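Enquirer: Supplied structure: model-v8.txt, compact mmCIF, C-alpha atoms and all ligand atoms.
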```
# COMPACT_ATOMS: atom_id res chain seq x y z
CA MET A 230 55.66 97.61 11.43
CA PRO A 231 57.77 95.15 13.40
CA MET A 232 58.21 91.78 11.73
CA SER A 233 57.15 88.54 13.34
CA GLY A 234 59.29 86.33 15.51
CA ASN A 235 59.12 83.65 12.80
CA ASN A 236 61.72 85.51 10.82
CA ASN A 237 62.88 83.03 8.24
CA GLU A 238 62.64 83.95 4.59
CA HIS A 239 59.68 81.73 3.78
CA GLU A 240 57.54 83.15 6.55
CA SER A 241 58.45 86.75 5.79
CA GLU A 242 57.32 86.13 2.25
CA SER A 243 54.14 84.50 3.57
CA GLU A 244 53.48 87.53 5.72
CA SER A 245 53.77 89.80 2.73
CA ARG A 246 51.15 87.66 0.94
CA PHE A 247 48.76 87.66 3.88
CA ASP A 248 45.19 88.22 2.78
CA ALA A 249 43.73 90.02 5.76
CA SER A 250 40.25 89.93 4.30
CA LEU A 251 40.06 86.17 4.94
CA GLY A 252 39.29 84.80 8.37
CA LEU A 253 37.60 81.86 10.08
CA GLY A 254 34.17 83.31 9.34
CA ASP A 255 34.78 82.83 5.60
CA PHE A 256 35.15 79.08 5.59
CA VAL A 257 31.74 77.99 6.88
CA VAL A 258 30.56 76.90 3.45
CA GLY A 259 30.06 73.46 1.94
CA GLU A 260 31.69 74.25 -1.38
CA ARG A 261 32.99 70.76 -2.24
CA SER A 262 30.98 67.67 -3.15
CA ASP A 263 32.26 65.66 -0.16
CA PRO A 264 31.20 67.00 3.29
CA LEU A 265 34.43 65.54 4.68
CA ALA A 266 36.49 67.82 2.43
CA PRO A 267 36.88 71.32 3.92
CA PRO A 268 36.73 74.41 1.71
CA ALA A 269 39.97 74.78 -0.30
CA GLY A 270 40.44 78.30 1.07
CA PHE A 271 40.57 76.95 4.61
CA THR A 272 43.32 74.47 3.82
CA GLU A 273 45.29 77.26 2.14
CA TRP A 274 44.73 79.49 5.22
CA ARG A 275 45.83 76.70 7.59
CA ARG A 276 48.73 75.22 5.61
CA GLY A 277 49.61 77.51 2.73
CA ALA A 278 51.02 80.97 2.31
CA VAL A 279 49.31 82.35 5.39
CA ALA A 280 50.00 79.43 7.72
CA TRP A 281 52.21 81.70 9.84
CA ALA A 282 49.04 83.44 11.06
CA ALA A 283 47.14 80.26 11.93
CA ALA A 284 50.33 78.97 13.62
CA LEU A 285 49.35 81.03 16.66
CA TYR A 286 46.51 78.58 17.31
CA GLU A 287 46.80 75.33 19.30
CA PRO A 288 50.12 76.25 20.87
CA ASN A 289 52.09 73.37 22.38
CA MET A 290 52.43 73.82 26.12
CA LEU A 291 55.63 72.34 27.51
CA GLY A 292 54.80 72.87 31.17
CA SER A 293 51.89 73.45 33.56
CA ALA A 294 49.35 76.26 33.20
CA ASP A 295 51.25 78.39 35.72
CA ALA A 296 51.97 82.13 35.62
CA ARG A 297 55.28 81.42 33.89
CA THR A 298 55.53 78.42 31.68
CA SER A 299 57.10 77.22 28.51
CA ILE A 300 55.57 76.76 25.06
CA GLN A 301 56.92 75.60 21.76
CA TYR A 302 57.49 78.56 19.47
CA ASP A 303 59.36 78.76 16.20
CA GLY A 304 60.59 75.18 16.69
CA LYS A 305 62.09 75.87 20.13
CA ALA A 306 61.06 75.90 23.76
CA GLN A 307 60.13 79.45 24.67
CA SER A 308 59.70 80.69 28.25
CA VAL A 309 56.62 82.84 28.50
CA ILE A 310 54.62 84.90 30.92
CA ASN A 311 51.34 83.07 30.66
CA LEU A 312 48.31 85.32 30.21
CA CYS A 313 46.45 82.57 28.36
CA SER A 314 45.30 80.42 31.24
CA TYR A 315 42.06 80.29 33.23
CA ASN A 316 43.97 79.01 36.25
CA TYR A 317 42.71 82.14 38.02
CA LEU A 318 43.45 81.03 41.59
CA GLY A 319 46.55 78.97 40.86
CA LEU A 320 44.82 75.74 41.90
CA ALA A 321 45.64 73.64 38.81
CA ASN A 322 49.17 73.09 40.05
CA HIS A 323 48.71 73.57 43.80
CA PRO A 324 50.71 70.88 45.66
CA GLU A 325 47.73 69.81 47.80
CA VAL A 326 45.54 69.47 44.71
CA ILE A 327 48.18 67.35 42.99
CA ALA A 328 48.57 65.20 46.12
CA ALA A 329 44.78 64.71 46.33
CA ALA A 330 44.72 63.71 42.65
CA ASN A 331 47.53 61.20 43.20
CA LYS A 332 45.76 59.68 46.19
CA THR A 333 42.46 59.42 44.31
CA LEU A 334 44.16 57.91 41.28
CA ALA A 335 45.76 55.23 43.44
CA LYS A 336 42.41 54.25 44.99
CA TYR A 337 39.96 54.57 42.06
CA GLY A 338 42.13 54.15 38.95
CA MET A 339 41.77 56.34 35.91
CA GLY A 340 38.31 56.33 34.33
CA ALA A 341 34.76 56.16 35.66
CA CYS A 342 34.17 53.87 32.65
CA GLY A 343 30.50 54.46 32.13
CA SER A 344 27.58 56.86 32.12
CA PRO A 345 26.58 58.13 35.58
CA MET A 346 22.99 57.10 34.83
CA LEU A 347 23.77 53.45 34.08
CA SER A 348 27.21 52.60 35.41
CA GLY A 349 27.02 54.99 38.30
CA MET A 350 29.64 57.13 39.88
CA THR A 351 31.89 56.99 42.88
CA ASP A 352 31.18 58.21 46.38
CA LEU A 353 33.52 61.09 45.54
CA HIS A 354 31.23 62.24 42.71
CA ARG A 355 28.32 62.23 45.17
CA GLN A 356 30.45 64.13 47.67
CA LEU A 357 31.23 66.76 45.03
CA GLU A 358 27.53 67.09 44.16
CA ARG A 359 26.73 67.71 47.83
CA THR A 360 29.68 70.06 48.25
CA MET A 361 28.62 72.18 45.27
CA ALA A 362 24.96 72.24 46.36
CA GLN A 363 25.96 73.33 49.88
CA PHE A 364 28.54 75.82 48.62
CA LEU A 365 25.90 77.48 46.44
CA GLY A 366 23.00 77.13 48.90
CA ARG A 367 21.00 75.00 46.45
CA GLU A 368 19.02 71.81 46.95
CA ASP A 369 21.03 69.78 44.48
CA ALA A 370 23.89 69.87 41.98
CA MET A 371 24.82 67.57 39.12
CA LEU A 372 28.14 67.06 37.39
CA PHE A 373 29.08 66.92 33.72
CA ASN A 374 32.27 65.61 32.17
CA SER A 375 32.80 68.91 30.37
CA GLY A 376 31.76 72.49 30.90
CA PHE A 377 30.65 72.80 27.31
CA GLY A 378 28.64 69.58 27.60
CA GLY A 379 27.06 70.84 30.81
CA ALA A 380 25.72 74.00 29.20
CA LEU A 381 24.68 72.12 26.09
CA GLY A 382 22.95 69.34 28.05
CA THR A 383 21.23 71.63 30.53
CA LEU A 384 19.69 73.97 27.98
CA SER A 385 18.76 71.26 25.49
CA GLY A 386 17.48 69.05 28.33
CA LEU A 387 15.10 71.67 29.73
CA LEU A 388 13.99 73.82 26.80
CA ARG A 389 11.29 72.50 24.49
CA LYS A 390 10.31 73.32 20.93
CA SER A 391 7.54 75.69 21.96
CA ASP A 392 9.81 77.64 24.36
CA VAL A 393 11.84 80.78 23.78
CA ALA A 394 15.47 81.14 24.92
CA ILE A 395 16.63 84.74 25.05
CA LEU A 396 20.40 85.08 25.01
CA ASP A 397 22.72 88.04 25.40
CA ASN A 398 24.26 88.55 21.95
CA ARG A 399 27.74 87.90 23.38
CA SER A 400 26.78 84.54 24.87
CA HIS A 401 29.20 81.64 24.78
CA LEU A 402 28.60 79.16 21.96
CA SER A 403 27.85 76.31 24.38
CA LEU A 404 24.74 78.22 25.44
CA ARG A 405 23.65 79.05 21.94
CA ASP A 406 24.30 75.48 20.76
CA GLY A 407 22.29 74.11 23.71
CA ALA A 408 19.33 76.30 22.80
CA VAL A 409 19.64 75.40 19.10
CA LEU A 410 19.75 71.70 19.95
CA SER A 411 16.49 72.01 21.89
CA ARG A 412 14.90 73.43 18.72
CA CYS A 413 13.26 76.18 20.75
CA ARG A 414 12.82 79.65 19.32
CA LEU A 415 15.95 81.73 19.78
CA GLY A 416 15.79 85.38 20.81
CA ARG A 417 18.69 87.75 21.41
CA PHE A 418 19.18 90.99 23.22
CA GLU A 419 21.93 93.59 22.88
CA HIS A 420 24.78 92.90 25.23
CA ASN A 421 23.82 93.81 28.79
CA ASP A 422 20.99 96.07 27.60
CA PRO A 423 17.80 95.86 29.75
CA ALA A 424 15.73 97.80 27.17
CA SER A 425 16.70 95.33 24.48
CA LEU A 426 15.88 92.40 26.79
CA GLU A 427 12.54 94.03 27.55
CA ALA A 428 11.75 94.27 23.82
CA ALA A 429 12.77 90.64 23.22
CA LEU A 430 10.61 89.37 26.09
CA ALA A 431 7.62 91.47 25.04
CA ARG A 432 7.64 89.82 21.61
CA ARG A 433 6.71 86.38 22.97
CA LYS A 434 4.58 87.02 26.03
CA ASP A 435 2.48 83.91 25.40
CA LYS A 436 5.46 81.48 25.61
CA ARG A 437 7.62 79.98 28.37
CA GLN A 438 10.76 82.12 28.25
CA LEU A 439 14.26 81.55 29.63
CA VAL A 440 16.75 84.41 29.87
CA VAL A 441 20.34 83.19 29.53
CA ILE A 442 23.15 85.36 30.88
CA GLU A 443 26.77 85.01 32.00
CA GLY A 444 28.38 86.20 35.22
CA ILE A 445 31.49 87.45 33.40
CA TYR A 446 31.56 87.57 29.61
CA SER A 447 34.46 85.48 28.45
CA MET A 448 35.73 87.64 25.60
CA ASP A 449 35.08 91.10 27.00
CA GLY A 450 35.73 90.51 30.69
CA ASP A 451 32.74 92.57 31.83
CA PHE A 452 30.09 91.55 34.34
CA ALA A 453 26.47 90.97 33.43
CA ASN A 454 24.29 93.93 34.30
CA LEU A 455 22.59 91.55 36.70
CA GLU A 456 20.31 93.76 38.77
CA ASP A 457 18.71 95.52 35.78
CA LEU A 458 18.41 92.38 33.64
CA LEU A 459 16.80 90.45 36.50
CA ASN A 460 14.30 93.27 37.08
CA VAL A 461 13.23 92.98 33.45
CA ALA A 462 13.08 89.17 33.47
CA GLU A 463 11.03 89.16 36.67
CA ALA A 464 8.61 91.75 35.29
CA HIS A 465 7.93 89.27 32.47
CA ASN A 466 7.80 86.17 34.70
CA ALA A 467 10.70 84.74 32.71
CA SER A 468 13.07 82.21 34.28
CA VAL A 469 16.79 82.94 34.41
CA PHE A 470 19.82 80.72 33.82
CA ILE A 471 23.30 82.04 34.59
CA ASP A 472 26.62 80.76 33.27
CA GLU A 473 29.21 81.52 35.96
CA ALA A 474 32.02 79.69 34.13
CA HIS A 475 34.58 82.49 34.57
CA SER A 476 33.24 83.92 37.82
CA MET A 477 32.65 80.88 40.05
CA LEU A 478 35.16 80.55 42.92
CA ALA A 479 36.98 83.70 41.77
CA CYS A 480 34.27 86.32 42.45
CA GLY A 481 32.35 87.27 45.56
CA GLU A 482 33.38 87.24 49.20
CA ASN A 483 32.92 83.46 49.36
CA GLY A 484 33.60 82.69 45.71
CA ARG A 485 29.96 82.14 44.74
CA GLY A 486 30.36 84.13 41.56
CA ALA A 487 28.94 87.30 40.07
CA ALA A 488 25.52 86.61 41.60
CA GLU A 489 27.14 86.76 45.05
CA ILE A 490 28.87 90.06 44.27
CA PHE A 491 25.61 91.63 43.12
CA GLY A 492 23.56 90.04 45.94
CA VAL A 493 21.10 88.37 43.57
CA GLU A 494 21.69 84.63 44.15
CA ASP A 495 18.15 83.96 45.36
CA ARG A 496 16.71 85.56 42.21
CA ILE A 497 18.46 83.09 39.86
CA PRO A 498 16.90 79.60 39.98
CA LEU A 499 19.53 77.74 37.98
CA VAL A 500 23.27 78.32 38.14
CA TYR A 501 25.83 76.65 35.93
CA GLY A 502 29.62 76.74 35.94
CA THR A 503 32.69 74.83 34.88
CA PHE A 504 35.51 73.25 36.84
CA SER A 505 37.97 74.13 34.08
CA LYS A 506 38.67 77.67 35.19
CA ALA A 507 39.19 78.87 38.77
CA PHE A 508 38.86 75.24 40.03
CA GLY A 509 41.83 74.39 37.79
CA ALA A 510 40.47 71.05 36.57
CA LEU A 511 37.81 69.95 34.09
CA GLY A 512 34.07 69.40 33.95
CA GLY A 513 30.84 71.28 34.49
CA PHE A 514 28.06 71.51 37.04
CA VAL A 515 24.58 72.86 37.38
CA ALA A 516 22.91 73.65 40.69
CA GLY A 517 19.29 74.39 41.50
CA SER A 518 16.13 72.80 42.85
CA SER A 519 16.11 69.03 43.28
CA GLU A 520 12.88 68.85 41.24
CA THR A 521 14.55 70.49 38.22
CA LEU A 522 17.73 68.45 38.51
CA ASP A 523 15.91 65.14 39.05
CA TYR A 524 14.27 65.74 35.68
CA LEU A 525 17.44 67.02 33.99
CA ARG A 526 19.40 63.92 35.03
CA PHE A 527 17.18 61.91 32.66
CA TYR A 528 16.97 64.40 29.79
CA ALA A 529 20.43 65.99 29.45
CA HIS A 530 21.95 63.83 26.72
CA SER A 531 25.50 64.91 27.56
CA TYR A 532 24.87 63.49 31.04
CA VAL A 533 22.90 60.31 30.27
CA TYR A 534 24.94 59.24 27.26
CA SER A 535 28.45 60.24 28.29
CA CYS A 536 30.96 58.91 30.77
CA ALA A 537 31.16 60.41 34.27
CA LEU A 538 34.16 62.58 35.18
CA PRO A 539 37.30 60.57 35.99
CA PRO A 540 37.42 60.17 39.81
CA VAL A 541 40.95 61.62 39.83
CA VAL A 542 39.52 64.90 38.56
CA VAL A 543 36.77 64.83 41.18
CA GLY A 544 39.32 64.27 43.96
CA ALA A 545 41.34 67.24 42.70
CA ILE A 546 38.27 69.50 42.50
CA LEU A 547 37.23 68.67 46.07
CA LYS A 548 40.69 69.67 47.29
CA ALA A 549 40.69 72.82 45.13
CA ILE A 550 37.41 73.94 46.76
CA GLU A 551 38.90 73.29 50.20
CA VAL A 552 42.02 75.35 49.41
CA ALA A 553 40.05 78.21 47.83
CA THR A 554 37.71 78.35 50.83
CA ARG A 555 40.57 78.22 53.33
CA GLU A 556 42.64 80.84 51.45
CA PRO A 557 40.36 83.71 50.38
CA GLN A 558 43.54 85.75 49.91
CA ARG A 559 43.93 84.00 46.55
CA ARG A 560 40.83 85.87 45.34
CA THR A 561 42.16 89.11 46.81
CA ARG A 562 45.47 88.66 44.98
CA LEU A 563 43.69 87.85 41.73
CA TRP A 564 41.68 91.06 41.88
CA GLU A 565 44.65 93.20 42.94
CA ASN A 566 46.65 91.82 40.03
CA ALA A 567 43.78 92.35 37.59
CA ASN A 568 43.15 95.93 38.66
CA TYR A 569 46.87 96.75 38.56
CA PHE A 570 47.43 95.23 35.13
CA ARG A 571 44.34 96.83 33.57
CA ALA A 572 45.18 100.27 34.99
CA GLN A 573 48.76 100.03 33.69
CA LEU A 574 47.59 98.90 30.25
CA ASN A 575 45.16 101.80 30.09
CA ALA A 576 47.94 104.18 31.17
CA LEU A 577 49.91 102.91 28.16
CA GLY A 578 46.94 103.76 25.96
CA VAL A 579 45.87 100.14 25.41
CA ASN A 580 42.13 99.78 24.82
CA THR A 581 40.82 97.07 27.18
CA GLY A 582 37.22 97.48 26.06
CA ASP A 583 34.61 97.13 28.80
CA SER A 584 36.71 94.86 30.99
CA THR A 585 36.39 95.34 34.74
CA THR A 586 37.77 91.91 35.67
CA TYR A 587 40.79 89.62 35.32
CA ILE A 588 39.85 88.89 31.68
CA MET A 589 40.86 91.74 29.42
CA PRO A 590 40.89 92.21 25.69
CA LEU A 591 43.81 94.18 24.24
CA VAL A 592 41.91 95.56 21.28
CA VAL A 593 43.82 95.72 18.00
CA GLY A 594 40.88 96.13 15.62
CA ASP A 595 42.72 94.75 12.60
CA ARG A 596 43.33 91.14 11.61
CA GLU A 597 46.71 91.43 9.96
CA ARG A 598 48.18 93.63 12.66
CA MET A 599 46.88 91.23 15.31
CA TYR A 600 48.58 88.18 13.75
CA ARG A 601 51.86 90.06 13.18
CA LEU A 602 51.86 91.35 16.73
CA GLY A 603 50.85 87.91 18.00
CA HIS A 604 54.11 86.48 16.67
CA GLU A 605 56.12 89.35 18.01
CA LEU A 606 54.63 88.97 21.48
CA ARG A 607 55.34 85.22 21.53
CA ALA A 608 58.89 85.80 20.34
CA ARG A 609 59.33 88.28 23.20
CA GLY A 610 57.93 85.79 25.75
CA LEU A 611 54.38 87.05 26.24
CA PHE A 612 51.69 84.41 25.80
CA VAL A 613 48.29 85.95 25.04
CA ALA A 614 45.42 84.49 23.02
CA PRO A 615 44.63 85.73 19.50
CA VAL A 616 40.90 86.44 19.15
CA ASP A 617 39.67 86.81 15.59
CA TYR A 618 36.23 87.22 14.04
CA PRO A 619 33.71 85.52 14.42
CA ALA A 620 34.57 85.12 18.13
CA VAL A 621 34.47 88.94 18.28
CA PRO A 622 33.30 91.54 15.73
CA GLU A 623 35.98 92.58 13.18
CA ASP A 624 36.54 95.96 14.81
CA ARG A 625 37.23 94.26 18.15
CA ILE A 626 39.80 91.71 16.92
CA CYS A 627 42.12 91.53 19.89
CA PHE A 628 44.39 89.57 22.17
CA ARG A 629 42.81 88.26 25.30
CA ALA A 630 44.84 88.38 28.48
CA CYS A 631 43.84 86.55 31.66
CA VAL A 632 45.56 87.59 34.86
CA THR A 633 45.81 85.09 37.74
CA ALA A 634 46.54 85.14 41.47
CA ASN A 635 49.90 83.46 40.83
CA HIS A 636 51.31 86.29 38.71
CA THR A 637 53.84 88.35 40.63
CA ARG A 638 54.21 92.11 40.17
CA ALA A 639 57.48 91.33 38.36
CA ASP A 640 55.61 89.06 35.90
CA LEU A 641 53.02 91.75 35.22
CA ASP A 642 55.63 94.52 34.88
CA GLU A 643 57.63 92.45 32.43
CA ALA A 644 54.46 91.77 30.44
CA LEU A 645 53.72 95.51 30.43
CA ASN A 646 57.23 96.28 29.17
CA ILE A 647 56.75 93.88 26.28
CA VAL A 648 53.37 95.43 25.43
CA SER A 649 54.92 98.87 25.65
CA ASP A 650 57.74 97.91 23.24
CA THR A 651 55.56 96.17 20.65
CA PHE A 652 51.80 96.58 20.83
CA VAL A 653 51.76 100.25 21.80
CA PRO A 654 54.02 101.58 18.97
CA ALA A 655 52.21 99.41 16.38
CA GLN A 656 48.84 100.81 17.44
CA LEU A 657 50.19 104.36 17.56
CA GLN A 658 51.74 104.06 14.14
CA HIS A 659 48.43 102.81 12.78
CA ALA A 660 46.49 105.64 14.43
CA GLN A 661 48.92 108.22 13.01
CA ARG A 662 48.63 106.74 9.52
CA SER A 663 44.82 106.73 9.73
CA ASN A 664 44.79 110.36 10.91
CA TYR A 665 47.13 111.32 8.11
CA ALA A 666 45.04 109.44 5.52
CA GLY A 667 41.82 110.96 6.96
C1 LIG B 1 31.20 81.26 29.36
C2 LIG B 1 31.66 79.85 29.12
N1 LIG B 1 30.78 78.84 29.28
C3 LIG B 1 31.14 77.57 29.07
C4 LIG B 1 32.41 77.23 28.70
C5 LIG B 1 32.78 75.79 28.47
O1 LIG B 1 33.59 75.34 29.51
P1 LIG B 1 34.69 74.18 29.39
O2 LIG B 1 35.90 74.81 28.77
O3 LIG B 1 34.91 73.81 30.80
O4 LIG B 1 34.13 73.11 28.56
C6 LIG B 1 33.35 78.23 28.53
C7 LIG B 1 34.73 77.88 28.13
O5 LIG B 1 35.62 78.65 28.05
C8 LIG B 1 32.96 79.58 28.74
O6 LIG B 1 33.83 80.58 28.56
```
Please re-express this file's structure in structure tokens.
Expert:
Amino acid sequence: MPMSGNNNEHESESESRFDASLGLGDFVVGERSDPLAPPAGFTEWRRGAVAWAAALYEPNMLGSADARTSIQYDGKAQSVINLCSYNYLGLANHPEVIAAANKTLAKYGMGACGSPMLSGMTDLHRQLERTMAQFLGREDAMLFNSGFGGALGTLSGLLRKSDVAILDNRSHLSLRDGAVLSRCRLGRFEHNDPASLEAALARRKDKRQLVVIEGIYSMDGDFANLEDLLNVAEAHNASVFIDEAHSMLACGENGRGAAEIFGVEDRIPLVYGTFSKAFGALGGFVAGSSETLDYLRFYAHSYVYSCALPPVVVGAILKAIEVATREPQRRTRLWENANYFRAQLNALGVNTGDSTTYIMPLVVGDRERMYRLGHELRARGLFVAPVDYPAVPEDRICFRACVTANHTRADLDEALNIVSDTFVPAQLQHAQRSNYAG
């Protein structure tokens, strides 16, 4: 097993004392008398003998979220190929987007300095609402100061205690938290499984039901099985909400997400997305009928009781939409890169799960091996995200790689060489040992 890039004596010793049975899922207990004091095991995991593992989290970026950037690693600046960013179309650092942000900043200053409901918003916010509504062919759109807050506010603002929200069991936490906050009954169906959705809907025929799905699932990088799931929802007269966080602007001929690809936009009454991914900025939006959104504006707490997006961000988003619309080749490049990288990984024997998109898990299936490899990859200049349980089941502990339009073939080939030198032999060695032991 290759040792980590943090190869000083202390950390090597720490690695040898790594307790792989402990992970983030083990520390959700209130074991001490003061709720402000975290479980002792967590503090040990974060700061003690196994801190080298947790050190992969919250990496310090030293540059922009571009295809190649620099992060702090092992006390030094480390150049990396960046497969950790959602800057799918390269708009976060596009010169025109930066110029638009500068111009907006000069005119409007930094903050909106108040809730949109009470203190209002700028003409630019209104322009972005109209732009999003037109872009998506909807009557209206509203903006949130965070993607997470948008999902949370929309679901908790519309669902009521007597309702049922039925979520795919791989749904993002913002969706689950939004449903929990509404205090509605929570149902789940097996990931992408129409029969399981059918069974969940049949259980509560007498209630108002909302089916919650995602365009692209953010850990697995697979599309929702939209056509089949919609058929089931419609057969039960259930409404549908789609989270297009990872698909909006990056999928479909015009960038209108997974629903555009599958030709089902008019069957989904409420669409939500974030500006933090392909748009390269920050914030969330929801688009649908003006009747629904008029109501939601007064009942989404994360909208009513939280400051509007900074105008500078709104100015940047408007420009990003203009560039993405004018240059559809960015989407083409993104998809070519994604298909190339996934095919090459698979040729190396790397398990990319169900991914068919630019998000791909590199499945390790073992916590300790994942953290050791995580250090080795960073030390070699490959920046991928560690994904541990409970974000994924234990047997799918993985790295998540996100390919973007700005990666060159040379970037992707270098990344593949690093994977081939490190990840592939570690997985092979493990498979051989397991076969031998079996
Ligand atoms: C599917 C999904 N929905 C919502 C969000 C929240 O978006 P934001 O990061 O913009 O708050 C994320 C974030 O990654 C996501 O993956």
Enquirer: What residues of the protein or nucleic acid chains come within 7 Å of ligand LIG 1 (chain B) when you use only C-alpha atoms and all ligand atoms? Reply as a ChimeraX atom specification.
Expert: /A:375-378,380,401,403,443,446-447,472-475,503-506,511-513
Enquirer: For A:Thr637, list every protein, DNA or RNA residue within 10 Å, evaluated using all atoms listed in the file, and leave out those in the same chain fewer than 6 positions away; present the list as JSON, numbers by chain.
Expert: {"A": [296, 297, 562, 566, 643]}
Enquirer: For stretch 413-531 of chain A versus stretch 548-551 of chain A, which residues have an atom no more than 9 Å away, and what is each residue's nearest atom pair and distance in Å rounded to one decimal, using all atoms listed in the file, chain-then-number order, as a tab-separated table?
Expert:
```
residue	atom	partner	partner_atom	distance
A:Leu478	CA	A:Ile550	CA	8.0
A:Ala507	CA	A:Ala549	CA	8.9
A:Phe508	CA	A:Ala549	CA	5.9
A:Gly509	CA	A:Ala549	CA	7.6
A:Ala510	CA	A:Ala549	CA	8.7
```
Enquirer: Which distance in Å separates atom CA of A:Asp422 and atom CA of A:Glu494, to one decimal?
Expert: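 Pair atom CA of A:Asp422 / atom CA of A:Glu494 returns 20.1 Å.
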Enquirer: Give me the residues within 7 Å of A:Leu458 as a ChimeraX atom specification, counting only C-alpha atoms and dropping any in the same chain fewer than 4 places off.
Expert: /A:423,454,462
Enquirer: Just the residues within 10 Å of A:Leu381, please, counting all atoms listed in the file, with nothing from its chain fewer than 3 positions along; format it as number ranges by chain.
Expert: A: 375-378, 384-386, 402-411, 529-532
Enquirer: Would you kindly return, as a compact mmCIF listing (two decimals) with C-alpha atoms, in the coordinates of the input, each protein, DNA or RNA residue with an atom no farther than 8 Å from any atom of stretch 580-586 of chain A, considering only C-alpha atoms and excluding same-chain residues fewer than 4 positions away?
Expert:
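Resulting contents of around_20.txt:
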```txt
# COMPACT_ATOMS: atom_id res chain seq x y z
CA ASP A 449 35.08 91.10 27.00
CA GLY A 450 35.73 90.51 30.69
CA ASP A 451 32.74 92.57 31.83
CA PHE A 452 30.09 91.55 34.34
CA TRP A 564 41.68 91.06 41.88
CA ALA A 567 43.78 92.35 37.59
CA ASN A 568 43.15 95.93 38.66
CA ARG A 571 44.34 96.83 33.57
CA LEU A 574 47.59 98.90 30.25
CA ASN A 575 45.16 101.80 30.09
CA PRO A 590 40.89 92.21 25.69
CA LEU A 591 43.81 94.18 24.24
CA VAL A 592 41.91 95.56 21.28
```
Enquirer: From the options A:Lys434, A:Arg355, A:Lys390, A:Arg496, which residue's atoms come nearest to A:Ala370, counting only C-alpha atoms?
Expert: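 Among A:Lys434, A:Arg355, A:Lys390, A:Arg496, it is A:Arg355 that comes nearest to A:Ala370.
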Enquirer: In terms of the shortest atom-to-atom distance over all atoms listed in the file, which of A:Asn316, A:Asn374, A:Gln573, A:Thr272 is closest to A:Ala341?
Expert: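 So, comparing all the options, the nearest one is A:Asn374.
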Enquirer: Show me that you can extract stretch 492-496 of chain A, keeping all heavy atoms, and write it as a PDB file, in the first residue's frame.
Expert:
```
ATOM      1  N   GLY A 492     -37.068  15.735 -22.784  1.00  0.00           N
ATOM      2  CA  GLY A 492     -38.293  16.258 -23.412  1.00  0.00           C
ATOM      3  C   GLY A 492     -39.507  16.248 -22.490  1.00  0.00           C
ATOM      4  O   GLY A 492     -40.632  15.999 -22.940  1.00  0.00           O
ATOM      5  N   VAL A 493     -39.287  16.516 -21.199  1.00  0.00           N
ATOM      6  CA  VAL A 493     -40.416  16.405 -20.258  1.00  0.00           C
ATOM      7  C   VAL A 493     -40.670  17.708 -19.493  1.00  0.00           C
ATOM      8  O   VAL A 493     -41.337  17.691 -18.457  1.00  0.00           O
ATOM      9  CB  VAL A 493     -40.164  15.252 -19.243  1.00  0.00           C
ATOM     10  CG1 VAL A 493     -40.144  13.897 -19.952  1.00  0.00           C
ATOM     11  CG2 VAL A 493     -38.864  15.467 -18.460  1.00  0.00           C
ATOM     12  N   GLU A 494     -40.131  18.833 -19.992  1.00  0.00           N
ATOM     13  CA  GLU A 494     -40.239  20.092 -19.229  1.00  0.00           C
ATOM     14  C   GLU A 494     -41.683  20.445 -18.873  1.00  0.00           C
ATOM     15  O   GLU A 494     -41.964  20.898 -17.761  1.00  0.00           O
ATOM     16  CB  GLU A 494     -39.620  21.239 -20.029  1.00  0.00           C
ATOM     17  CG  GLU A 494     -38.106  21.154 -20.073  1.00  0.00           C
ATOM     18  CD  GLU A 494     -37.536  22.104 -21.096  1.00  0.00           C
ATOM     19  OE1 GLU A 494     -37.505  21.734 -22.286  1.00  0.00           O
ATOM     20  OE2 GLU A 494     -37.148  23.212 -20.705  1.00  0.00           O
ATOM     21  N   ASP A 495     -42.597  20.225 -19.848  1.00  0.00           N
ATOM     22  CA  ASP A 495     -43.981  20.655 -19.568  1.00  0.00           C
ATOM     23  C   ASP A 495     -44.710  19.700 -18.625  1.00  0.00           C
ATOM     24  O   ASP A 495     -45.857  19.943 -18.256  1.00  0.00           O
ATOM     25  CB  ASP A 495     -44.756  20.837 -20.884  1.00  0.00           C
ATOM     26  CG  ASP A 495     -44.726  19.582 -21.732  1.00  0.00           C
ATOM     27  OD1 ASP A 495     -44.037  18.614 -21.338  1.00  0.00           O
ATOM     28  OD2 ASP A 495     -45.403  19.543 -22.779  1.00  0.00           O
ATOM     29  N   ARG A 496     -44.052  18.626 -18.224  1.00  0.00           N
ATOM     30  CA  ARG A 496     -44.701  17.702 -17.269  1.00  0.00           C
ATOM     31  C   ARG A 496     -44.227  17.960 -15.835  1.00  0.00           C
ATOM     32  O   ARG A 496     -44.637  17.268 -14.914  1.00  0.00           O
ATOM     33  CB  ARG A 496     -44.394  16.258 -17.685  1.00  0.00           C
ATOM     34  CG  ARG A 496     -45.004  15.919 -19.046  1.00  0.00           C
ATOM     35  CD  ARG A 496     -44.505  14.589 -19.588  1.00  0.00           C
ATOM     36  NE  ARG A 496     -44.902  13.455 -18.782  1.00  0.00           N
ATOM     37  CZ  ARG A 496     -44.459  12.210 -18.971  1.00  0.00           C
ATOM     38  NH1 ARG A 496     -43.609  11.960 -19.958  1.00  0.00           N
ATOM     39  NH2 ARG A 496     -44.865  11.227 -18.202  1.00  0.00           N
TER      40      ARG A 496
END
```
